[in-house]
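Enquirer: So that you have it, the file is query36.cif, and it contains mmCIF, C-alpha atoms:
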```cif
data_protein
#
loop_
_atom_site.label_atom_id
_atom_site.label_comp_id
_atom_site.auth_asym_id
_atom_site.auth_seq_id
_atom_site.Cartn_x
_atom_site.Cartn_y
_atom_site.Cartn_z
CA MET A 366 10.28 -8.19 -7.25
CA VAL A 367 10.50 -8.62 -11.00
CA ASP A 368 14.07 -8.33 -12.24
CA ASP A 369 13.17 -7.33 -15.76
CA VAL A 370 10.49 -4.69 -16.28
CA ARG A 371 9.98 -6.04 -19.80
CA GLU A 372 8.32 -9.11 -18.26
CA LEU A 373 5.76 -6.79 -16.66
CA ILE A 374 5.07 -5.00 -19.94
CA ARG A 375 4.58 -8.32 -21.75
CA ARG A 376 1.95 -9.59 -19.33
CA GLU A 377 -1.24 -10.28 -21.22
CA PRO A 378 -4.35 -9.37 -19.27
CA SER A 379 -7.10 -11.89 -18.77
CA GLN A 380 -10.55 -11.18 -17.39
CA ALA A 381 -10.15 -13.84 -14.70
CA GLU A 382 -6.86 -12.39 -13.47
CA HIS A 383 -8.23 -8.85 -13.58
CA ASP A 384 -11.22 -9.94 -11.49
CA ALA A 385 -8.94 -11.70 -8.98
CA ILE A 386 -6.71 -8.62 -8.62
CA ARG A 387 -9.74 -6.31 -8.21
CA GLU A 388 -11.34 -8.57 -5.61
CA LEU A 389 -8.10 -8.87 -3.63
CA TRP A 390 -7.66 -5.08 -3.66
CA LYS A 391 -11.25 -4.71 -2.40
CA ARG A 392 -10.57 -7.23 0.41
CA HIS A 393 -7.38 -5.33 1.31
CA SER A 394 -9.21 -1.97 1.36
CA VAL A 395 -12.11 -3.26 3.45
CA ALA A 396 -9.67 -4.85 5.92
CA GLU A 397 -7.80 -1.54 6.19
CA ASP A 398 -11.03 0.40 6.75
CA HIS A 399 -12.00 -2.05 9.52
CA ARG A 400 -8.47 -2.01 11.04
CA ASP A 401 -8.39 -5.77 10.48
CA LEU A 402 -4.67 -6.56 10.53
CA PRO A 403 -5.06 -10.32 9.91
CA GLY A 404 -7.33 -9.51 6.95
CA LEU A 405 -4.73 -7.09 5.55
CA LEU A 406 -1.90 -9.59 5.94
CA ALA A 407 -3.98 -12.28 4.22
CA THR A 408 -3.80 -10.20 1.01
CA LEU A 409 0.03 -10.10 1.06
CA THR A 410 2.82 -12.53 0.23
CA GLU A 411 4.93 -13.68 3.20
CA ASP A 412 7.91 -11.81 1.72
CA CYS A 413 6.00 -8.57 1.03
CA VAL A 414 7.77 -5.23 1.12
CA TYR A 415 6.29 -1.92 2.23
CA GLU A 416 8.16 1.19 1.12
CA LEU A 417 7.81 4.94 1.55
CA VAL A 418 9.78 5.58 -1.60
CA GLN A 419 10.72 9.22 -1.13
CA THR A 420 12.05 8.70 2.42
CA GLY A 421 13.73 5.31 2.07
CA HIS A 422 11.71 3.71 4.87
CA ARG A 423 11.10 -0.01 4.30
CA TRP A 424 9.32 -2.81 6.13
CA ASP A 425 9.83 -6.46 5.15
CA GLY A 426 7.52 -9.46 5.41
CA HIS A 427 4.29 -9.83 7.32
CA GLU A 428 6.01 -8.67 10.51
CA GLY A 429 7.17 -5.53 8.73
CA ALA A 430 3.75 -4.88 7.20
CA ALA A 431 2.21 -5.27 10.67
CA ARG A 432 4.70 -2.72 12.05
CA PHE A 433 3.93 -0.33 9.18
CA TYR A 434 0.20 -0.48 9.86
CA ALA A 435 0.62 -0.32 13.66
CA GLY A 436 2.71 2.82 13.21
CA LEU A 437 0.41 4.48 10.69
CA LEU A 438 -2.86 3.60 12.42
CA GLY A 439 -1.43 4.33 15.86
CA SER A 440 -0.23 7.75 14.77
CA PHE A 441 -3.33 8.60 12.71
CA PRO A 442 -6.12 6.54 14.33
CA ASP A 443 -8.80 8.35 12.33
CA VAL A 444 -6.94 8.11 9.01
CA HIS A 445 -9.28 8.16 6.03
CA PHE A 446 -8.45 7.44 2.39
CA GLN A 447 -10.69 9.02 -0.24
CA LEU A 448 -9.92 7.21 -3.47
CA THR A 449 -9.55 9.57 -6.45
CA SER A 450 -8.16 7.22 -9.13
CA ILE A 451 -7.39 3.56 -9.63
CA VAL A 452 -5.82 1.45 -12.36
CA ILE A 453 -5.96 -2.34 -12.28
CA GLY A 454 -3.89 -4.45 -14.63
CA PRO A 455 -1.94 -7.70 -14.75
CA GLN A 456 0.96 -5.95 -12.99
CA GLY A 457 -1.15 -4.98 -9.96
CA VAL A 458 -3.09 -1.97 -8.73
CA CYS A 459 -2.15 1.69 -8.67
CA GLU A 460 -4.37 3.99 -6.66
CA GLU A 461 -4.40 7.67 -5.83
CA ALA A 462 -6.17 9.02 -2.78
CA ASN A 463 -6.66 12.10 -0.67
CA VAL A 464 -5.86 11.23 2.93
CA THR A 465 -6.83 12.92 6.17
CA GLY A 466 -5.96 12.06 9.74
CA THR A 467 -5.23 13.54 13.14
CA HIS A 468 -1.56 13.19 14.08
CA GLU A 469 -1.90 11.77 17.61
CA ALA A 470 1.36 9.83 18.09
CA GLU A 471 4.94 9.85 16.85
CA TRP A 472 5.49 8.32 13.43
CA LEU A 473 8.85 7.84 11.75
CA GLY A 474 10.44 10.13 14.32
CA VAL A 475 7.97 12.97 13.74
CA PRO A 476 6.40 14.06 17.04
CA PRO A 477 2.61 14.30 17.15
CA THR A 478 1.07 17.68 16.45
CA GLY A 479 -2.52 16.92 17.40
CA GLU A 480 -3.50 18.58 14.12
CA ARG A 481 -5.77 17.17 11.46
CA LEU A 482 -3.58 16.79 8.40
CA ALA A 483 -4.40 16.31 4.73
CA TRP A 484 -2.12 14.81 2.08
CA GLN A 485 -2.15 12.81 -1.12
CA VAL A 486 -0.82 9.33 -1.80
CA THR A 487 -0.12 7.22 -4.82
CA ILE A 488 0.24 3.56 -3.92
CA PHE A 489 1.33 0.70 -6.14
CA PHE A 490 0.33 -2.83 -5.08
CA PRO A 491 2.51 -5.22 -7.14
CA TRP A 492 0.67 -8.44 -8.07
CA ASN A 493 2.40 -11.75 -7.47
CA ARG A 494 1.08 -13.98 -10.24
CA LYS A 495 2.20 -17.24 -8.67
CA GLN A 496 0.70 -16.63 -5.23
CA HIS A 497 -2.27 -14.49 -6.32
CA LEU A 498 -1.44 -11.95 -3.61
CA PHE A 499 0.12 -8.50 -3.45
CA SER A 500 3.85 -8.40 -2.80
CA GLY A 501 3.53 -5.21 -0.74
CA GLU A 502 2.99 -1.52 -1.34
CA ARG A 503 5.15 1.25 -2.75
CA VAL A 504 3.79 4.48 -1.31
CA TYR A 505 4.47 7.98 -2.61
CA THR A 506 3.17 10.90 -0.54
CA ALA A 507 2.74 14.60 -1.21
CA GLY A 508 1.93 17.18 1.44
CA LEU A 509 2.95 15.10 4.47
CA PRO A 510 6.28 16.15 5.98
CA LEU A 511 8.25 12.94 6.46
CA PRO A 512 11.93 12.63 7.29
CA ALA A 513 14.31 10.85 4.93
CA LEU A 514 16.44 8.08 6.36
CA ALA A 515 19.97 9.18 7.16
CA GLY A 516 22.80 7.97 4.96
#
```
Take the structure in the file and give it back as structure tokens.

Expert:
Amino acid sequence: MVDDVRELIRREPSQAEHDAIRELWKRHSVAEDHRDLPGLLATLTEDCVYELVQTGHRWDGHEGAARFYAGLLGSFPDVHFQLTSIVIGPQGVCEEANVTGTHEAEWLGVPPTGERLAWQVTIFFPWNRKQHLFSGERVYTAGLPLPALAG
């Protein structure tokens, strides 16, 4: 995590870095579509952090990212992301998507409904310049009822 947001603002884009970030995001997305957990983890730093910002849920490191994906994909095995917007810069990738999936198993304490749900997400993939990997995902959802962490 960058301690000073001013460092992020000062990052000068280069075509080579932009191409590397775009290609890594594409690898990450293809791995997710194919449910390829090793492929997903290969796009992340060892100390990556996954966050559902509005609820306070957090998963740390590759083990945490694997638990995040096991929970999400286990609960919504037919989850589908329809990309609606994307911005790529030297700070990382920000994407917006419409998401659909059938809620077939408990996730984050929410019992399965068996219903096909639809919601929106905005996801930020912070770019780690030294490792040329993403340092996780910060996920914001709208339209998906998720419980906040207590206390």

Enquirer: For Pro510 of chain A, which of A:Thr408, A:Ser450, A:Thr478, A:Asn463 is the closest residue, counting all atoms listed in the file?

Expert: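 Nearest to Pro510 of chain A: A:Thr478.
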
Enquirer: Please provide the set of residues having any atom within 12 Å of Ser394 of chain A, restricted to only C-alpha atoms, with same-chain residues fewer than 3 positions apart removed, written as a short mmCIF file (atom, residue, chain, number, x, y, z; two decimals) with C-alpha atoms, in the frame of the given file.

Expert:
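Once everything was written out, this is out36.cif:
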```
data_model
loop_
_atom_site.label_atom_id
_atom_site.label_comp_id
_atom_site.auth_asym_id
_atom_site.auth_seq_id
_atom_site.Cartn_x
_atom_site.Cartn_y
_atom_site.Cartn_z
CA ARG A 387 -9.74 -6.31 -8.21
CA GLU A 388 -11.34 -8.57 -5.61
CA LEU A 389 -8.10 -8.87 -3.63
CA TRP A 390 -7.66 -5.08 -3.66
CA LYS A 391 -11.25 -4.71 -2.40
CA GLU A 397 -7.80 -1.54 6.19
CA ASP A 398 -11.03 0.40 6.75
CA HIS A 399 -12.00 -2.05 9.52
CA ARG A 400 -8.47 -2.01 11.04
CA ASP A 401 -8.39 -5.77 10.48
CA LEU A 402 -4.67 -6.56 10.53
CA GLY A 404 -7.33 -9.51 6.95
CA LEU A 405 -4.73 -7.09 5.55
CA LEU A 406 -1.90 -9.59 5.94
CA ALA A 407 -3.98 -12.28 4.22
CA THR A 408 -3.80 -10.20 1.01
CA HIS A 445 -9.28 8.16 6.03
CA PHE A 446 -8.45 7.44 2.39
CA GLN A 447 -10.69 9.02 -0.24
CA LEU A 448 -9.92 7.21 -3.47
CA VAL A 458 -3.09 -1.97 -8.73
CA GLU A 460 -4.37 3.99 -6.66
CA PHE A 490 0.33 -2.83 -5.08
#
```

Enquirer: Considering all atoms listed in the file, return as a list in words whatever protein or nucleic-acid residues lie within 10 Å of Ala430 of chain A, sequence-local ones (same chain, fewer than 6 positions apart) excluded.

Expert: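 Near Ala430 of chain A, the qualifying residues are Leu402, Leu405, Leu406, Leu409, Glu411, Asp412, Cys413, Val414, Tyr415, Glu416, Arg423, Trp424, Gly436, Gly501 and Glu502 of chain A.
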
Enquirer: At a cut-off of 10 Å, using only C-alpha atoms, what residues contact Arg494 of chain A? Leave out same-chain residues fewer than 2 positions from it and give the result as number ranges by chain.

Expert: A: 382, 386, 455-457, 491-492, 496-500

Enquirer: So what do you get for atom CA of Val444 of chain A versus atom CA of Trp484 of chain A, distance-wise?

Expert: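 These two atoms are separated by 10.8 Å.
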
Enquirer: Could you check how far atom CA of Asp443 of chain A sits from atom CA of Leu514 of chain A, in Å to one decimal?

Expert: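 It comes out at 25.9 Å.
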
Enquirer: Which residues match the PyMOL selection byres ((chain A and resi 439) around 12) in the file above, as a list of chain:residue names?

Expert: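 Against this file, the PyMOL selection byres ((chain A and resi 439) around 12) returns the residues A:Arg400, A:Ala431, A:Arg432, A:Phe433, A:Tyr434, A:Ala435, A:Gly436, A:Leu437, A:Leu438, A:Ser440, A:Phe441, A:Pro442, A:Asp443, A:Val444, A:Gly466, A:Thr467, A:His468, A:Glu469, A:Ala470, A:Glu471, A:Trp472, A:Leu473, A:Pro477.
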
Enquirer: Can you list, as a PyMOL selection string, every protein, DNA or RNA residue that comes within 12 Å of Ala507 of chain A when you count only C-alpha atoms, leaving out same-chain residues fewer than 3 positions away?

Expert: chain A and resi 417-420+461-464+482-488+504+510-511

Enquirer: Put a box with edges along x, y and z around all the listed atoms of segment 458-467 of chain A, pad it by 5 Å on each side, then give me its centre and sizes in Å, one decimal, as AutoDock Vina command-line options.

Expert:
```
--center_x -4.5 --center_y 5.8 --center_z 2.2 --size_x 14.7 --size_y 25.5 --size_z 31.9
```

Enquirer: To one decimal place, how far is atom CA of Arg481 of chain A from atom CA of Gly421 of chain A in Å?

Expert: 24.7 Å

Enquirer: Check the smallest atom-to-atom distance from each of A:Tyr505, A:Glu480, A:Gly474, A:Ile453 to Ser379 of chain A using only C-alpha atoms, then report the winner.

Expert: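 Answer, going by the shortest atom-to-atom distance: A:Ile453.
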